[in-house]
>>> print(open('protein.txt').read())   # compact mmCIF, N, CA and C atoms
# COMPACT_ATOMS: atom_id res chain seq x y z
N MET A 1 27.41 -30.90 16.93
CA MET A 1 28.23 -30.71 15.74
C MET A 1 27.37 -30.52 14.48
N ILE A 2 26.30 -31.31 14.38
CA ILE A 2 25.41 -31.19 13.22
C ILE A 2 24.75 -29.82 13.15
N PRO A 3 24.26 -29.27 14.29
CA PRO A 3 23.68 -27.92 14.20
C PRO A 3 24.68 -26.87 13.71
N ILE A 4 25.92 -26.96 14.13
CA ILE A 4 26.93 -25.99 13.67
C ILE A 4 27.15 -26.13 12.18
N LEU A 5 27.24 -27.36 11.70
CA LEU A 5 27.39 -27.59 10.27
C LEU A 5 26.19 -27.05 9.50
N ALA A 6 24.99 -27.27 10.03
CA ALA A 6 23.78 -26.77 9.38
C ALA A 6 23.80 -25.24 9.31
N ILE A 7 24.18 -24.59 10.39
CA ILE A 7 24.25 -23.13 10.41
C ILE A 7 25.28 -22.65 9.38
N VAL A 8 26.44 -23.29 9.33
CA VAL A 8 27.48 -22.92 8.36
C VAL A 8 26.95 -23.08 6.94
N LEU A 9 26.22 -24.16 6.68
CA LEU A 9 25.67 -24.38 5.33
C LEU A 9 24.61 -23.33 4.98
N MET A 10 23.78 -22.95 5.96
CA MET A 10 22.79 -21.91 5.71
C MET A 10 23.47 -20.58 5.38
N VAL A 11 24.48 -20.22 6.15
CA VAL A 11 25.20 -18.98 5.90
C VAL A 11 25.89 -19.04 4.54
N ALA A 12 26.49 -20.18 4.21
CA ALA A 12 27.16 -20.33 2.92
C ALA A 12 26.17 -20.18 1.77
N ALA A 13 25.00 -20.83 1.88
CA ALA A 13 23.99 -20.71 0.82
C ALA A 13 23.57 -19.26 0.64
N ASP A 14 23.32 -18.58 1.75
CA ASP A 14 22.92 -17.17 1.69
C ASP A 14 24.01 -16.33 1.03
N GLN A 15 25.24 -16.50 1.45
CA GLN A 15 26.33 -15.69 0.94
C GLN A 15 26.63 -16.01 -0.53
N LEU A 16 26.47 -17.25 -0.94
CA LEU A 16 26.68 -17.59 -2.36
C LEU A 16 25.64 -16.91 -3.25
N VAL A 17 24.38 -16.92 -2.82
CA VAL A 17 23.32 -16.26 -3.60
C VAL A 17 23.59 -14.75 -3.65
N LYS A 18 23.99 -14.18 -2.52
CA LYS A 18 24.28 -12.74 -2.49
C LYS A 18 25.51 -12.41 -3.33
N TYR A 19 26.50 -13.29 -3.34
CA TYR A 19 27.69 -13.08 -4.19
C TYR A 19 27.27 -13.03 -5.65
N TRP A 20 26.39 -13.96 -6.06
CA TRP A 20 25.88 -13.94 -7.42
C TRP A 20 25.14 -12.63 -7.69
N ALA A 21 24.34 -12.20 -6.74
CA ALA A 21 23.58 -10.96 -6.92
C ALA A 21 24.52 -9.77 -7.11
N VAL A 22 25.59 -9.71 -6.31
CA VAL A 22 26.53 -8.59 -6.41
C VAL A 22 27.32 -8.65 -7.71
N THR A 23 27.77 -9.84 -8.10
CA THR A 23 28.65 -9.95 -9.27
C THR A 23 27.91 -10.01 -10.60
N THR A 24 26.66 -10.42 -10.59
CA THR A 24 25.92 -10.58 -11.85
C THR A 24 24.66 -9.71 -11.91
N LEU A 25 23.83 -9.84 -10.89
CA LEU A 25 22.53 -9.16 -10.92
C LEU A 25 22.66 -7.65 -10.79
N GLN A 26 23.62 -7.18 -10.01
CA GLN A 26 23.78 -5.74 -9.81
C GLN A 26 23.93 -5.00 -11.14
N ALA A 27 24.66 -5.59 -12.07
CA ALA A 27 24.92 -4.93 -13.35
C ALA A 27 23.66 -4.78 -14.19
N VAL A 28 22.73 -5.72 -14.08
CA VAL A 28 21.52 -5.65 -14.90
C VAL A 28 20.33 -5.07 -14.14
N GLY A 29 20.42 -5.06 -12.82
CA GLY A 29 19.35 -4.48 -12.00
C GLY A 29 18.24 -5.45 -11.68
N THR A 30 17.59 -5.98 -12.70
CA THR A 30 16.49 -6.92 -12.47
C THR A 30 16.40 -7.92 -13.61
N ILE A 31 16.00 -9.13 -13.26
CA ILE A 31 15.75 -10.18 -14.24
C ILE A 31 14.33 -10.70 -14.00
N PRO A 32 13.43 -10.49 -14.95
CA PRO A 32 12.08 -11.02 -14.77
C PRO A 32 12.10 -12.54 -14.90
N VAL A 33 11.65 -13.23 -13.87
CA VAL A 33 11.49 -14.68 -13.93
C VAL A 33 10.09 -14.97 -14.45
N ILE A 34 9.09 -14.31 -13.88
CA ILE A 34 7.72 -14.30 -14.39
C ILE A 34 7.33 -12.83 -14.44
N GLU A 35 7.26 -12.30 -15.63
CA GLU A 35 7.04 -10.86 -15.84
C GLU A 35 5.92 -10.32 -14.95
N ASN A 36 6.23 -9.24 -14.23
CA ASN A 36 5.30 -8.54 -13.34
C ASN A 36 4.78 -9.38 -12.17
N VAL A 37 5.38 -10.54 -11.95
CA VAL A 37 4.99 -11.40 -10.84
C VAL A 37 6.17 -11.62 -9.91
N PHE A 38 7.24 -12.19 -10.46
CA PHE A 38 8.44 -12.48 -9.67
C PHE A 38 9.68 -12.12 -10.48
N HIS A 39 10.51 -11.25 -9.89
CA HIS A 39 11.76 -10.83 -10.52
C HIS A 39 12.90 -11.08 -9.55
N LEU A 40 14.09 -11.20 -10.08
CA LEU A 40 15.30 -11.14 -9.28
C LEU A 40 15.80 -9.72 -9.45
N THR A 41 15.80 -8.95 -8.38
CA THR A 41 16.11 -7.53 -8.42
C THR A 41 17.18 -7.22 -7.39
N TYR A 42 18.26 -6.61 -7.83
CA TYR A 42 19.33 -6.24 -6.91
C TYR A 42 18.91 -5.02 -6.09
N LEU A 43 19.03 -5.16 -4.77
CA LEU A 43 18.66 -4.06 -3.87
C LEU A 43 19.62 -4.04 -2.69
N GLU A 44 20.07 -2.86 -2.33
CA GLU A 44 20.91 -2.68 -1.15
C GLU A 44 20.04 -2.12 -0.03
N ASN A 45 19.76 -2.94 0.96
CA ASN A 45 18.90 -2.55 2.08
C ASN A 45 19.78 -2.10 3.24
N ARG A 46 19.69 -0.83 3.57
CA ARG A 46 20.50 -0.26 4.65
C ARG A 46 19.73 -0.17 5.96
N GLY A 47 18.60 -0.86 6.00
CA GLY A 47 17.79 -0.88 7.22
C GLY A 47 17.44 -2.32 7.58
N ALA A 48 16.26 -2.48 8.14
CA ALA A 48 15.77 -3.82 8.51
C ALA A 48 14.60 -4.16 7.60
N ALA A 49 13.73 -5.05 8.05
CA ALA A 49 12.57 -5.43 7.26
C ALA A 49 11.78 -4.18 6.85
N PHE A 50 11.33 -4.18 5.62
CA PHE A 50 10.59 -3.05 5.06
C PHE A 50 11.44 -1.77 5.06
N SER A 51 12.76 -1.93 5.12
CA SER A 51 13.72 -0.81 5.10
C SER A 51 13.55 0.17 6.26
N ILE A 52 13.04 -0.30 7.40
CA ILE A 52 12.92 0.59 8.56
C ILE A 52 14.30 0.80 9.18
N LEU A 53 14.43 1.89 9.89
CA LEU A 53 15.68 2.26 10.58
C LEU A 53 16.88 2.29 9.63
N GLN A 54 16.73 3.01 8.55
CA GLN A 54 17.78 3.14 7.55
C GLN A 54 19.08 3.64 8.17
N ASP A 55 20.19 3.06 7.72
CA ASP A 55 21.55 3.47 8.09
C ASP A 55 21.86 3.33 9.58
N LYS A 56 21.18 2.47 10.26
CA LYS A 56 21.46 2.17 11.68
C LYS A 56 22.21 0.85 11.76
N ILE A 57 23.28 0.72 10.98
CA ILE A 57 24.01 -0.53 10.82
C ILE A 57 24.49 -1.07 12.16
N TRP A 58 25.13 -0.24 12.95
CA TRP A 58 25.70 -0.75 14.21
C TRP A 58 24.62 -1.10 15.22
N PHE A 59 23.47 -0.47 15.14
CA PHE A 59 22.35 -0.88 15.98
C PHE A 59 21.98 -2.33 15.67
N PHE A 60 21.90 -2.66 14.37
CA PHE A 60 21.54 -4.02 13.97
C PHE A 60 22.65 -5.02 14.27
N VAL A 61 23.90 -4.60 14.17
CA VAL A 61 25.02 -5.48 14.51
C VAL A 61 24.95 -5.85 15.99
N VAL A 62 24.77 -4.84 16.84
CA VAL A 62 24.69 -5.09 18.28
C VAL A 62 23.44 -5.90 18.61
N LEU A 63 22.31 -5.53 18.04
CA LEU A 63 21.07 -6.26 18.29
C LEU A 63 21.21 -7.73 17.90
N THR A 64 21.80 -7.99 16.74
CA THR A 64 22.00 -9.37 16.28
C THR A 64 22.91 -10.13 17.24
N ALA A 65 23.98 -9.49 17.68
CA ALA A 65 24.90 -10.14 18.62
C ALA A 65 24.19 -10.48 19.94
N VAL A 66 23.36 -9.57 20.42
CA VAL A 66 22.62 -9.80 21.67
C VAL A 66 21.63 -10.95 21.50
N VAL A 67 20.89 -10.94 20.40
CA VAL A 67 19.89 -11.99 20.16
C VAL A 67 20.57 -13.35 20.00
N LEU A 68 21.65 -13.40 19.21
CA LEU A 68 22.37 -14.66 19.04
C LEU A 68 22.94 -15.16 20.36
N SER A 69 23.45 -14.25 21.17
CA SER A 69 23.97 -14.64 22.49
C SER A 69 22.87 -15.19 23.38
N ALA A 70 21.71 -14.55 23.38
CA ALA A 70 20.58 -15.01 24.18
C ALA A 70 20.11 -16.39 23.70
N MET A 71 20.08 -16.59 22.40
CA MET A 71 19.68 -17.89 21.87
C MET A 71 20.69 -18.96 22.27
N ALA A 72 21.98 -18.65 22.16
CA ALA A 72 23.02 -19.62 22.54
C ALA A 72 22.92 -19.95 24.02
N TYR A 73 22.68 -18.94 24.84
CA TYR A 73 22.53 -19.16 26.29
C TYR A 73 21.32 -20.06 26.57
N ALA A 74 20.19 -19.77 25.93
CA ALA A 74 18.98 -20.58 26.14
C ALA A 74 19.22 -22.03 25.71
N LEU A 75 19.90 -22.21 24.60
CA LEU A 75 20.21 -23.57 24.14
C LEU A 75 21.15 -24.27 25.11
N HIS A 76 22.17 -23.57 25.54
CA HIS A 76 23.15 -24.15 26.47
C HIS A 76 22.51 -24.52 27.81
N GLN A 77 21.57 -23.72 28.27
CA GLN A 77 20.91 -23.97 29.55
C GLN A 77 19.79 -25.02 29.45
N GLY A 78 19.50 -25.46 28.23
CA GLY A 78 18.44 -26.45 28.05
C GLY A 78 17.04 -25.87 28.17
N ALA A 79 16.91 -24.58 28.00
CA ALA A 79 15.62 -23.92 28.13
C ALA A 79 14.68 -24.23 26.96
N VAL A 80 15.25 -24.60 25.84
CA VAL A 80 14.45 -24.97 24.67
C VAL A 80 14.41 -26.49 24.66
N LYS A 81 13.22 -27.05 24.87
CA LYS A 81 13.10 -28.43 25.30
C LYS A 81 12.86 -29.47 24.21
N THR A 82 12.53 -29.05 23.01
CA THR A 82 12.26 -30.04 21.97
C THR A 82 13.20 -29.85 20.78
N THR A 83 13.28 -30.88 19.97
CA THR A 83 14.11 -30.80 18.76
C THR A 83 13.63 -29.68 17.84
N LEU A 84 12.32 -29.57 17.67
CA LEU A 84 11.77 -28.50 16.83
C LEU A 84 12.16 -27.13 17.38
N GLY A 85 12.06 -26.94 18.67
CA GLY A 85 12.42 -25.67 19.28
C GLY A 85 13.89 -25.34 19.06
N ARG A 86 14.75 -26.32 19.26
CA ARG A 86 16.19 -26.08 19.07
C ARG A 86 16.50 -25.77 17.61
N TRP A 87 15.93 -26.55 16.68
CA TRP A 87 16.20 -26.32 15.27
C TRP A 87 15.63 -24.98 14.79
N SER A 88 14.53 -24.54 15.38
CA SER A 88 14.02 -23.22 15.00
C SER A 88 15.07 -22.15 15.30
N LEU A 89 15.75 -22.28 16.44
CA LEU A 89 16.78 -21.30 16.79
C LEU A 89 18.02 -21.44 15.91
N TYR A 90 18.37 -22.66 15.53
CA TYR A 90 19.52 -22.83 14.62
C TYR A 90 19.23 -22.17 13.27
N ILE A 91 18.00 -22.32 12.79
CA ILE A 91 17.62 -21.73 11.50
C ILE A 91 17.62 -20.21 11.60
N ILE A 92 17.10 -19.66 12.69
CA ILE A 92 17.16 -18.21 12.89
C ILE A 92 18.62 -17.75 12.92
N ALA A 93 19.46 -18.50 13.61
CA ALA A 93 20.88 -18.13 13.71
C ALA A 93 21.53 -18.11 12.33
N GLY A 94 21.24 -19.09 11.50
CA GLY A 94 21.82 -19.11 10.15
C GLY A 94 21.45 -17.87 9.36
N GLY A 95 20.18 -17.47 9.44
CA GLY A 95 19.75 -16.26 8.74
C GLY A 95 20.32 -14.99 9.34
N ALA A 96 20.32 -14.93 10.66
CA ALA A 96 20.85 -13.73 11.33
C ALA A 96 22.33 -13.53 11.01
N LEU A 97 23.08 -14.62 11.01
CA LEU A 97 24.52 -14.51 10.68
C LEU A 97 24.75 -14.10 9.24
N GLY A 98 23.91 -14.61 8.32
CA GLY A 98 24.04 -14.23 6.91
C GLY A 98 23.87 -12.73 6.72
N ASN A 99 22.85 -12.16 7.34
CA ASN A 99 22.63 -10.72 7.22
C ASN A 99 23.65 -9.92 8.02
N LEU A 100 24.12 -10.47 9.13
CA LEU A 100 25.15 -9.80 9.92
C LEU A 100 26.44 -9.65 9.11
N ILE A 101 26.81 -10.68 8.40
CA ILE A 101 28.00 -10.63 7.54
C ILE A 101 27.87 -9.49 6.54
N ASP A 102 26.71 -9.38 5.90
CA ASP A 102 26.48 -8.29 4.94
C ASP A 102 26.65 -6.92 5.61
N ARG A 103 26.03 -6.75 6.76
CA ARG A 103 26.09 -5.44 7.43
C ARG A 103 27.51 -5.06 7.79
N VAL A 104 28.27 -6.03 8.28
CA VAL A 104 29.64 -5.73 8.70
C VAL A 104 30.57 -5.52 7.50
N LEU A 105 30.46 -6.37 6.49
CA LEU A 105 31.38 -6.30 5.35
C LEU A 105 30.99 -5.28 4.29
N ARG A 106 29.68 -5.08 4.08
CA ARG A 106 29.23 -4.20 3.00
C ARG A 106 28.60 -2.90 3.49
N GLY A 107 28.10 -2.92 4.71
CA GLY A 107 27.38 -1.75 5.21
C GLY A 107 25.92 -1.76 4.83
N PHE A 108 25.45 -2.83 4.21
CA PHE A 108 24.06 -3.00 3.82
C PHE A 108 23.82 -4.49 3.59
N VAL A 109 22.54 -4.84 3.50
CA VAL A 109 22.15 -6.22 3.22
C VAL A 109 21.71 -6.31 1.77
N VAL A 110 22.21 -7.31 1.05
CA VAL A 110 21.83 -7.53 -0.34
C VAL A 110 20.51 -8.30 -0.36
N ASP A 111 19.51 -7.73 -1.03
CA ASP A 111 18.22 -8.38 -1.22
C ASP A 111 18.01 -8.62 -2.71
N LEU A 112 17.20 -9.63 -3.05
CA LEU A 112 17.02 -9.90 -4.48
C LEU A 112 15.70 -10.56 -4.88
N PHE A 113 14.99 -11.20 -3.98
CA PHE A 113 13.74 -11.86 -4.36
C PHE A 113 12.62 -10.83 -4.33
N ASP A 114 12.02 -10.60 -5.48
CA ASP A 114 11.10 -9.49 -5.66
C ASP A 114 9.75 -10.00 -6.19
N PHE A 115 8.79 -10.20 -5.27
CA PHE A 115 7.44 -10.62 -5.66
C PHE A 115 6.61 -9.37 -5.92
N ARG A 116 6.49 -9.01 -7.17
CA ARG A 116 5.82 -7.77 -7.54
C ARG A 116 4.31 -7.87 -7.55
N LEU A 117 3.78 -9.04 -7.79
CA LEU A 117 2.34 -9.21 -7.89
C LEU A 117 1.66 -8.87 -6.57
N ILE A 118 2.30 -9.20 -5.46
CA ILE A 118 1.69 -8.95 -4.14
C ILE A 118 2.34 -7.77 -3.42
N HIS A 119 3.20 -7.04 -4.11
CA HIS A 119 3.84 -5.85 -3.54
C HIS A 119 4.51 -6.15 -2.21
N PHE A 120 5.29 -7.23 -2.20
CA PHE A 120 5.99 -7.67 -0.99
C PHE A 120 7.39 -7.08 -1.00
N PRO A 121 7.97 -6.77 0.16
CA PRO A 121 9.34 -6.24 0.18
C PRO A 121 10.34 -7.23 -0.43
N VAL A 122 11.35 -6.71 -1.07
CA VAL A 122 12.41 -7.54 -1.65
C VAL A 122 13.19 -8.15 -0.47
N PHE A 123 13.56 -9.43 -0.59
CA PHE A 123 14.21 -10.12 0.51
C PHE A 123 15.29 -11.06 0.00
N ASN A 124 15.93 -11.79 0.91
CA ASN A 124 17.04 -12.67 0.55
C ASN A 124 16.92 -14.02 1.25
N VAL A 125 17.88 -14.89 1.02
CA VAL A 125 17.87 -16.24 1.60
C VAL A 125 17.91 -16.16 3.13
N ALA A 126 18.75 -15.30 3.69
CA ALA A 126 18.84 -15.17 5.14
C ALA A 126 17.49 -14.76 5.74
N ASP A 127 16.78 -13.88 5.07
CA ASP A 127 15.46 -13.46 5.55
C ASP A 127 14.50 -14.65 5.59
N ILE A 128 14.60 -15.53 4.61
CA ILE A 128 13.76 -16.73 4.59
C ILE A 128 14.06 -17.58 5.83
N PHE A 129 15.34 -17.77 6.12
CA PHE A 129 15.71 -18.56 7.30
C PHE A 129 15.18 -17.93 8.58
N VAL A 130 15.33 -16.63 8.72
CA VAL A 130 14.84 -15.95 9.93
C VAL A 130 13.33 -16.11 10.06
N CYS A 131 12.60 -15.92 8.98
CA CYS A 131 11.13 -16.03 9.03
C CYS A 131 10.66 -17.45 9.28
N VAL A 132 11.25 -18.43 8.60
CA VAL A 132 10.86 -19.82 8.81
C VAL A 132 11.22 -20.25 10.24
N GLY A 133 12.44 -19.92 10.67
CA GLY A 133 12.84 -20.25 12.04
C GLY A 133 11.96 -19.57 13.07
N GLY A 134 11.61 -18.32 12.82
CA GLY A 134 10.72 -17.60 13.73
C GLY A 134 9.34 -18.23 13.81
N ALA A 135 8.79 -18.63 12.66
CA ALA A 135 7.47 -19.28 12.65
C ALA A 135 7.53 -20.62 13.39
N LEU A 136 8.60 -21.38 13.17
CA LEU A 136 8.76 -22.65 13.89
C LEU A 136 8.90 -22.43 15.39
N PHE A 137 9.61 -21.36 15.78
CA PHE A 137 9.77 -21.09 17.21
C PHE A 137 8.43 -20.69 17.83
N VAL A 138 7.64 -19.91 17.14
CA VAL A 138 6.31 -19.54 17.66
C VAL A 138 5.48 -20.81 17.85
N TYR A 139 5.50 -21.71 16.87
CA TYR A 139 4.78 -22.97 17.00
C TYR A 139 5.28 -23.75 18.22
N TYR A 140 6.61 -23.86 18.33
CA TYR A 140 7.20 -24.55 19.48
C TYR A 140 6.71 -23.94 20.79
N PHE A 141 6.81 -22.63 20.88
CA PHE A 141 6.47 -21.96 22.14
C PHE A 141 4.99 -22.11 22.48
N LEU A 142 4.13 -22.02 21.47
CA LEU A 142 2.70 -22.11 21.72
C LEU A 142 2.22 -23.53 22.02
N PHE A 143 2.82 -24.52 21.36
CA PHE A 143 2.27 -25.87 21.42
C PHE A 143 3.17 -26.93 22.03
N GLN A 144 4.45 -26.65 22.22
CA GLN A 144 5.34 -27.68 22.72
C GLN A 144 6.05 -27.32 24.02
N HIS A 145 6.35 -26.08 24.22
CA HIS A 145 7.23 -25.68 25.33
C HIS A 145 6.68 -26.12 26.69
N ASP A 146 5.45 -25.75 26.99
CA ASP A 146 4.89 -26.12 28.31
C ASP A 146 4.72 -27.62 28.45
N LYS A 147 4.28 -28.30 27.40
CA LYS A 147 4.08 -29.74 27.47
C LYS A 147 5.41 -30.46 27.68
N ALA A 148 6.46 -30.00 27.01
CA ALA A 148 7.78 -30.63 27.15
C ALA A 148 8.32 -30.39 28.54
N GLY A 149 7.99 -29.25 29.15
CA GLY A 149 8.46 -28.93 30.49
C GLY A 149 7.85 -29.83 31.55
N ARG A 150 6.63 -30.35 31.30
CA ARG A 150 5.95 -31.21 32.27
C ARG A 150 6.30 -32.68 32.08
N ALA A 151 6.91 -33.01 30.93
CA ALA A 151 7.21 -34.43 30.66
C ALA A 151 8.36 -34.94 31.51
>>> encode(input="protein.txt", output="structure tokens")
Amino acid sequence: MIPILAIVLMVAADQLVKYWAVTTLQAVGTIPVIENVFHLTYLENRGAAFSILQDKIWFFVVLTAVVLSAMAYALHQGAVKTTLGRWSLYIIAGGALGNLIDRVLRGFVVDLFDFRLIHFPVFNVADIFVCVGGALFVYYFLFQHDKAGRA
């Protein structure tokens, strides 16, 4: 029950930030937080990371559904053996669902965090969840999965 609540809260946080971006930031375009370093910039991303595969919305919808289904199956089967491993997948799910909602309802993903100093792609809260969850899962897989399987 707690993981479902956590996923719902992650999706809600992502969607609230994106709602603010659509209703407030879109009209001004960009707000410098630290001039030429970090801005809040409204961007409609019709692709994936780094804007690859532009306008392939249904590809990403299907891909997200397949990945979420595989993660749910792995969790249900007990294939992910540690708390860190399970939570990494819950965090990925929260981010994936946040961006999935955008793709289905808007036809694009709303991005807004713009680190200009390092020329990094503009991203959103859901992207943070996917990246953090992905990094945690890599750690789990490299350092915990086999050891937990032998315990």
>>> residues_around(input="protein.txt", residues="A:Leu117", least_positions_apart="2", cutoff="5 Å", atoms="only N, CA and C atoms", output="ChimeraX atom specification")
/A:36-37,115,119
>>> atom_distance(input="protein.txt", atom1="atom N of A:Val28", atom2="atom N of A:Leu40")
11.0 Å
>>> atom_distance(input="protein.txt", atom1="atom CA of A:Leu84", atom2="atom CA of A:Gln15")
25.1 Å
>>> select_by_dssp(input="protein.txt", residues="chain A", states="strand (DSSP E)", output="PyMOL selection string")
chain A and resi 30-34+38-45+109-115
>>> write_last_selection(input="protein.txt", atoms="N, CA and C atoms", output="tab-separated table (two decimals), in the frame of the given file")
chain	number	residue	atom	x	y	z
A	30	THR	N	17.59	-5.98	-12.70
A	30	THR	CA	16.49	-6.92	-12.47
A	30	THR	C	16.40	-7.92	-13.61
A	31	ILE	N	16.00	-9.13	-13.26
A	31	ILE	CA	15.75	-10.18	-14.24
A	31	ILE	C	14.33	-10.70	-14.00
A	32	PRO	N	13.43	-10.49	-14.95
A	32	PRO	CA	12.08	-11.02	-14.77
A	32	PRO	C	12.10	-12.54	-14.90
A	33	VAL	N	11.65	-13.23	-13.87
A	33	VAL	CA	11.49	-14.68	-13.93
A	33	VAL	C	10.09	-14.97	-14.45
A	34	ILE	N	9.09	-14.31	-13.88
A	34	ILE	CA	7.72	-14.30	-14.39
A	34	ILE	C	7.33	-12.83	-14.44
A	38	PHE	N	7.24	-12.19	-10.46
A	38	PHE	CA	8.44	-12.48	-9.67
A	38	PHE	C	9.68	-12.12	-10.48
A	39	HIS	N	10.51	-11.25	-9.89
A	39	HIS	CA	11.76	-10.83	-10.52
A	39	HIS	C	12.90	-11.08	-9.55
A	40	LEU	N	14.09	-11.20	-10.08
A	40	LEU	CA	15.30	-11.14	-9.28
A	40	LEU	C	15.80	-9.72	-9.45
A	41	THR	N	15.80	-8.95	-8.38
A	41	THR	CA	16.11	-7.53	-8.42
A	41	THR	C	17.18	-7.22	-7.39
A	42	TYR	N	18.26	-6.61	-7.83
A	42	TYR	CA	19.33	-6.24	-6.91
A	42	TYR	C	18.91	-5.02	-6.09
A	43	LEU	N	19.03	-5.16	-4.77
A	43	LEU	CA	18.66	-4.06	-3.87
A	43	LEU	C	19.62	-4.04	-2.69
A	44	GLU	N	20.07	-2.86	-2.33
A	44	GLU	CA	20.91	-2.68	-1.15
A	44	GLU	C	20.04	-2.12	-0.03
A	45	ASN	N	19.76	-2.94	0.96
A	45	ASN	CA	18.90	-2.55	2.08
A	45	ASN	C	19.78	-2.10	3.24
A	109	VAL	N	22.54	-4.84	3.50
A	109	VAL	CA	22.15	-6.22	3.22
A	109	VAL	C	21.71	-6.31	1.77
A	110	VAL	N	22.21	-7.31	1.05
A	110	VAL	CA	21.83	-7.53	-0.34
A	110	VAL	C	20.51	-8.30	-0.36
A	111	ASP	N	19.51	-7.73	-1.03
A	111	ASP	CA	18.22	-8.38	-1.22
A	111	ASP	C	18.01	-8.62	-2.71
A	112	LEU	N	17.20	-9.63	-3.05
A	112	LEU	CA	17.02	-9.90	-4.48
A	112	LEU	C	15.70	-10.56	-4.88
A	113	PHE	N	14.99	-11.20	-3.98
A	113	PHE	CA	13.74	-11.86	-4.36
A	113	PHE	C	12.62	-10.83	-4.33
A	114	ASP	N	12.02	-10.60	-5.48
A	114	ASP	CA	11.10	-9.49	-5.66
A	114	ASP	C	9.75	-10.00	-6.19
A	115	PHE	N	8.79	-10.20	-5.27
A	115	PHE	CA	7.44	-10.62	-5.66
A	115	PHE	C	6.61	-9.37	-5.92
>>> atom_distance(input="protein.txt", atom1="atom CA of A:Val62", atom2="atom N of A:Thr41")
28.4 Å
>>> residues_around(input="protein.txt", residues="A:Tyr42", least_positions_apart="4", cutoff="6.5 Å", atoms="all atoms listed in the file", output="PyMOL selection string")
chain A and resi 21+25-26+29-31+111-112
>>> write_last_selection(input="protein.txt", atoms="N, CA and C atoms", output="mmCIF file, in the frame of the given file")
data_model
loop_
_atom_site.group_PDB
_atom_site.id
_atom_site.type_symbol
_atom_site.label_atom_id
_atom_site.label_comp_id
_atom_site.auth_asym_id
_atom_site.auth_seq_id
_atom_site.Cartn_x
_atom_site.Cartn_y
_atom_site.Cartn_z
ATOM 1 N N ALA A 21 24.340 -12.200 -6.740
ATOM 2 C CA ALA A 21 23.580 -10.960 -6.920
ATOM 3 C C ALA A 21 24.520 -9.770 -7.110
ATOM 4 N N LEU A 25 23.830 -9.840 -10.890
ATOM 5 C CA LEU A 25 22.530 -9.160 -10.920
ATOM 6 C C LEU A 25 22.660 -7.650 -10.790
ATOM 7 N N GLN A 26 23.620 -7.180 -10.010
ATOM 8 C CA GLN A 26 23.780 -5.740 -9.810
ATOM 9 C C GLN A 26 23.930 -5.000 -11.140
ATOM 10 N N GLY A 29 20.420 -5.060 -12.820
ATOM 11 C CA GLY A 29 19.350 -4.480 -12.000
ATOM 12 C C GLY A 29 18.240 -5.450 -11.680
ATOM 13 N N THR A 30 17.590 -5.980 -12.700
ATOM 14 C CA THR A 30 16.490 -6.920 -12.470
ATOM 15 C C THR A 30 16.400 -7.920 -13.610
ATOM 16 N N ILE A 31 16.000 -9.130 -13.260
ATOM 17 C CA ILE A 31 15.750 -10.180 -14.240
ATOM 18 C C ILE A 31 14.330 -10.700 -14.000
ATOM 19 N N ASP A 111 19.510 -7.730 -1.030
ATOM 20 C CA ASP A 111 18.220 -8.380 -1.220
ATOM 21 C C ASP A 111 18.010 -8.620 -2.710
ATOM 22 N N LEU A 112 17.200 -9.630 -3.050
ATOM 23 C CA LEU A 112 17.020 -9.900 -4.480
ATOM 24 C C LEU A 112 15.700 -10.560 -4.880
#
>>> select_by_dssp(input="protein.txt", residues="chain A", states="helix (DSSP H, G or I)", output="ChimeraX atom specification")
/A:2-28,49-51,57-76,83-106,125-143,145-150
>>> residues_around(input="protein.txt", residues="A:Val138", least_positions_apart="2", cutoff="12 Å", atoms="only C-alpha atoms", output="short mmCIF file (atom, residue, chain, number, x, y, z; two decimals) with N, CA and C atoms, in the coordinates of the input")
data_model
loop_
_atom_site.label_atom_id
_atom_site.label_comp_id
_atom_site.auth_asym_id
_atom_site.auth_seq_id
_atom_site.Cartn_x
_atom_site.Cartn_y
_atom_site.Cartn_z
N LEU A 84 12.32 -29.57 17.67
CA LEU A 84 11.77 -28.50 16.83
C LEU A 84 12.16 -27.13 17.38
N GLY A 85 12.06 -26.94 18.67
CA GLY A 85 12.42 -25.67 19.28
C GLY A 85 13.89 -25.34 19.06
N ARG A 86 14.75 -26.32 19.26
CA ARG A 86 16.19 -26.08 19.07
C ARG A 86 16.50 -25.77 17.61
N SER A 88 14.53 -24.54 15.38
CA SER A 88 14.02 -23.22 15.00
C SER A 88 15.07 -22.15 15.30
N LEU A 89 15.75 -22.28 16.44
CA LEU A 89 16.78 -21.30 16.79
C LEU A 89 18.02 -21.44 15.91
N ILE A 92 17.10 -19.66 12.69
CA ILE A 92 17.16 -18.21 12.89
C ILE A 92 18.62 -17.75 12.92
N CYS A 131 12.60 -15.92 8.98
CA CYS A 131 11.13 -16.03 9.03
C CYS A 131 10.66 -17.45 9.28
N VAL A 132 11.25 -18.43 8.60
CA VAL A 132 10.86 -19.82 8.81
C VAL A 132 11.22 -20.25 10.24
N GLY A 133 12.44 -19.92 10.67
CA GLY A 133 12.84 -20.25 12.04
C GLY A 133 11.96 -19.57 13.07
N GLY A 134 11.61 -18.32 12.82
CA GLY A 134 10.72 -17.60 13.73
C GLY A 134 9.34 -18.23 13.81
N ALA A 135 8.79 -18.63 12.66
CA ALA A 135 7.47 -19.28 12.65
C ALA A 135 7.53 -20.62 13.39
N LEU A 136 8.60 -21.38 13.17
CA LEU A 136 8.76 -22.65 13.89
C LEU A 136 8.90 -22.43 15.39
N TYR A 140 6.61 -23.86 18.33
CA TYR A 140 7.20 -24.55 19.48
C TYR A 140 6.71 -23.94 20.79
N PHE A 141 6.81 -22.63 20.88
CA PHE A 141 6.47 -21.96 22.14
C PHE A 141 4.99 -22.11 22.48
N LEU A 142 4.13 -22.02 21.47
CA LEU A 142 2.70 -22.11 21.72
C LEU A 142 2.22 -23.53 22.02
N PHE A 143 2.82 -24.52 21.36
CA PHE A 143 2.27 -25.87 21.42
C PHE A 143 3.17 -26.93 22.03
N GLN A 144 4.45 -26.65 22.22
CA GLN A 144 5.34 -27.68 22.72
C GLN A 144 6.05 -27.32 24.02
N HIS A 145 6.35 -26.08 24.22
CA HIS A 145 7.23 -25.68 25.33
C HIS A 145 6.68 -26.12 26.69
#
